[in-house]
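See structure below.
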Amino acid sequence: MILSQLELWFGDQYEKEKGRYLQIKADNVLKKVVSPFQEICVVDTPAFGKILMNDGIIMLTEADEAGYHEMITHVPLCVHPLPQDILVIGGGDGGTVREIIKHPQINKVDVCEIDEKVIEICREYFPDLAGSFDNPKVHIYFQDGAQFLKKIENQYDVIIVDSSDPIGPGTTLFTEQFYRFLFGALKEDGIAVTQLESLFWHTDFIHHTFQFMKEIFSISYYYYSMVPTYPSGMIGFGFCSKKYHPLDQFIPDRANKLPDLKYYHVDIHHSAFILPAFAKDVF
Ligand code: SPD
């Protein structure tokens, strides 16, 4: 039918190569820019609102970004007893910073984003997220995350690695060396949380990562969030801690005081760490 030929449908290119593909209908391409690092694209969709894609891979949609940004942020910030100095690696859309600055005890938020263009585009098309960069506690550095971290010792209470996938400019953020840099840049009781893909679709990759994560950090766990537009409808995180256990040291009173939440709450903090039976062979 002619009408369907004129419709614009797209999906996550990285997953398409592996024979699986969520299709989303778009009304318009609002922006397409090729930066020195990647192609950045914003499309408008009837089902999910505006969507940000890097190199044809969905980074966020307006409809379900809260499930990702709230979980990557509030889980570590409701476990560390006094998180004041925070670093975000990646996170150029501003969603993670928006959640961090909901915590009143924060002293500073450093953001290390490799691609200046991502921040520029998100300021224009996703002001509800990138507006967070205007907070005076926030300092932005345009640099590769691994290069930034390797010069830093003992400086941060919490580091959040809000990365893209382990291809393209984000590749260095998934190596054993990078996890060693994370360990070194954290204070003696620090916590790092990393974007760690889908337990269902990237099982071998997660297994591989946990082999060295467990060697480097005495406390390491996988937890997840449901995000319909990410591959397999979920995304997981690596919880890497020098001292604090994600459930034993959880501070529910702090979680209860957080404003404007769509996904995170006290019970989901616990349930996010409960994994299916097959996961026992993964970690
Ligand atoms: N498979 C895509 C995973 C992307 C995760 N990070 C996106 C950045 C959102 N701040």
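Ligands are numbered from 1 in the order shown, chains are lettered A, B, ... in the order of the structure tokens, and residues start at 1 in each chain.
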Distance limit 8 Å, reference ligand 1, atoms considered: only C-alpha atoms and all ligand atoms. Which residues make the cut? Give them as a VMD selection string. chain A and resid 12 57 to 60 65 68 to 69 90 to 96 162 to 165 195 197 230 to 231 235
Selection near A:Gly67, 12 Å with only C-alpha atoms, sequence-local residues under 5 positions removed, as an MDAnalysis selection string: chainID A and resid 60:62 72:75 95:96 99 224:230 233:236 261:265 268:269 272
Close residues, A:His270 itself excluded, 12 Å, only C-alpha atoms, min 3 positions apart in chain, as a compact mmCIF listing (two decimals) with C-alpha atoms, in the first residue's frame:
# COMPACT_ATOMS: atom_id res chain seq x y z
CA MET A 71 17.44 3.75 38.56
CA VAL A 75 20.06 3.31 43.75
CA CYS A 78 20.25 6.04 48.45
CA VAL A 79 22.95 3.59 49.60
CA TYR A 222 23.60 -6.58 38.85
CA TYR A 223 20.23 -4.86 39.05
CA TYR A 224 17.79 -3.80 36.37
CA SER A 225 15.09 -1.46 35.19
CA HIS A 245 25.93 -3.32 50.32
CA PRO A 246 23.10 -2.17 48.00
CA LEU A 247 20.33 -3.63 50.19
CA ASP A 248 21.80 -3.86 53.71
CA GLN A 249 22.89 -0.21 53.64
CA PHE A 250 19.86 1.12 51.72
CA ILE A 251 18.41 4.34 53.24
CA PRO A 252 14.61 4.19 52.58
CA ALA A 255 14.26 7.47 48.85
CA TYR A 264 11.92 4.51 41.53
CA HIS A 265 10.50 3.80 45.01
CA VAL A 266 11.49 1.89 48.13
CA ASP A 267 10.16 -1.52 47.08
CA PHE A 273 18.21 -6.92 42.54
CA ILE A 274 15.99 -10.04 42.33
CA LEU A 275 17.00 -11.86 39.14
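Comparing the minimum interatomic distances between A:Phe210 and each of A:Ile140, A:Ala185, A:Val282, A:Leu77, counting only C-alpha atoms, we find that A:Val282 sits nearest.
You will find atom CA of A:Arg123 at 16.9 Å from atom CA of A:Val34.
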Could you write out, as JSON, numbers by chain, all the residues of stretch 30-188 of chain A that DSSP marks as helix (DSSP H, G or I)? {"A": [65, 66, 67, 68, 69, 70, 71, 72, 73, 74, 75, 76, 77, 95, 96, 97, 98, 99, 100, 116, 117, 118, 119, 120, 121, 122, 123, 124, 125, 127, 128, 129, 130, 131, 132, 133, 134, 145, 146, 147, 148, 149, 168, 169, 170, 171, 172, 173, 174, 176, 177, 178, 179, 180, 181, 182, 183, 184, 185]}
Name the residues of stretch 7-151 of chain A that fall into strand (DSSP E or B) according to DSSP on the backbone, using the chain letters and numbers of this document, as a ChimeraX atom specification. /A:8-10,24-26,28-34,39-45,49-54,57-61,85-90,108-113,138-142
Just the residues within 8 Å of A:Gln84, please, counting only C-alpha atoms, with nothing from its chain fewer than 4 positions along; format it as an MDAnalysis selection string. chainID A and resid 105:108 156:157
Write the residues of the preceding selection, restricted to C-alpha atoms, as a CSV table (one decimal), in the first residue's frame.
chain,number,residue,atom,x,y,z
A,105,GLN,CA,23.4,16.8,50.2
A,106,ILE,CA,25.3,16.9,46.8
A,107,ASN,CA,28.2,19.2,46.8
A,108,LYS,CA,29.4,19.0,43.1
A,156,TYR,CA,34.5,10.8,44.2
A,157,ASP,CA,31.8,9.3,46.5
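In this structure, atom CA of A:Glu124 sits 20.4 Å away from atom CA of A:Ile101.
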Have a look at atom CA of A:Val111 and atom CA of A:Ser132 and let me know their distance in Å, one decimal. 11.4 Å
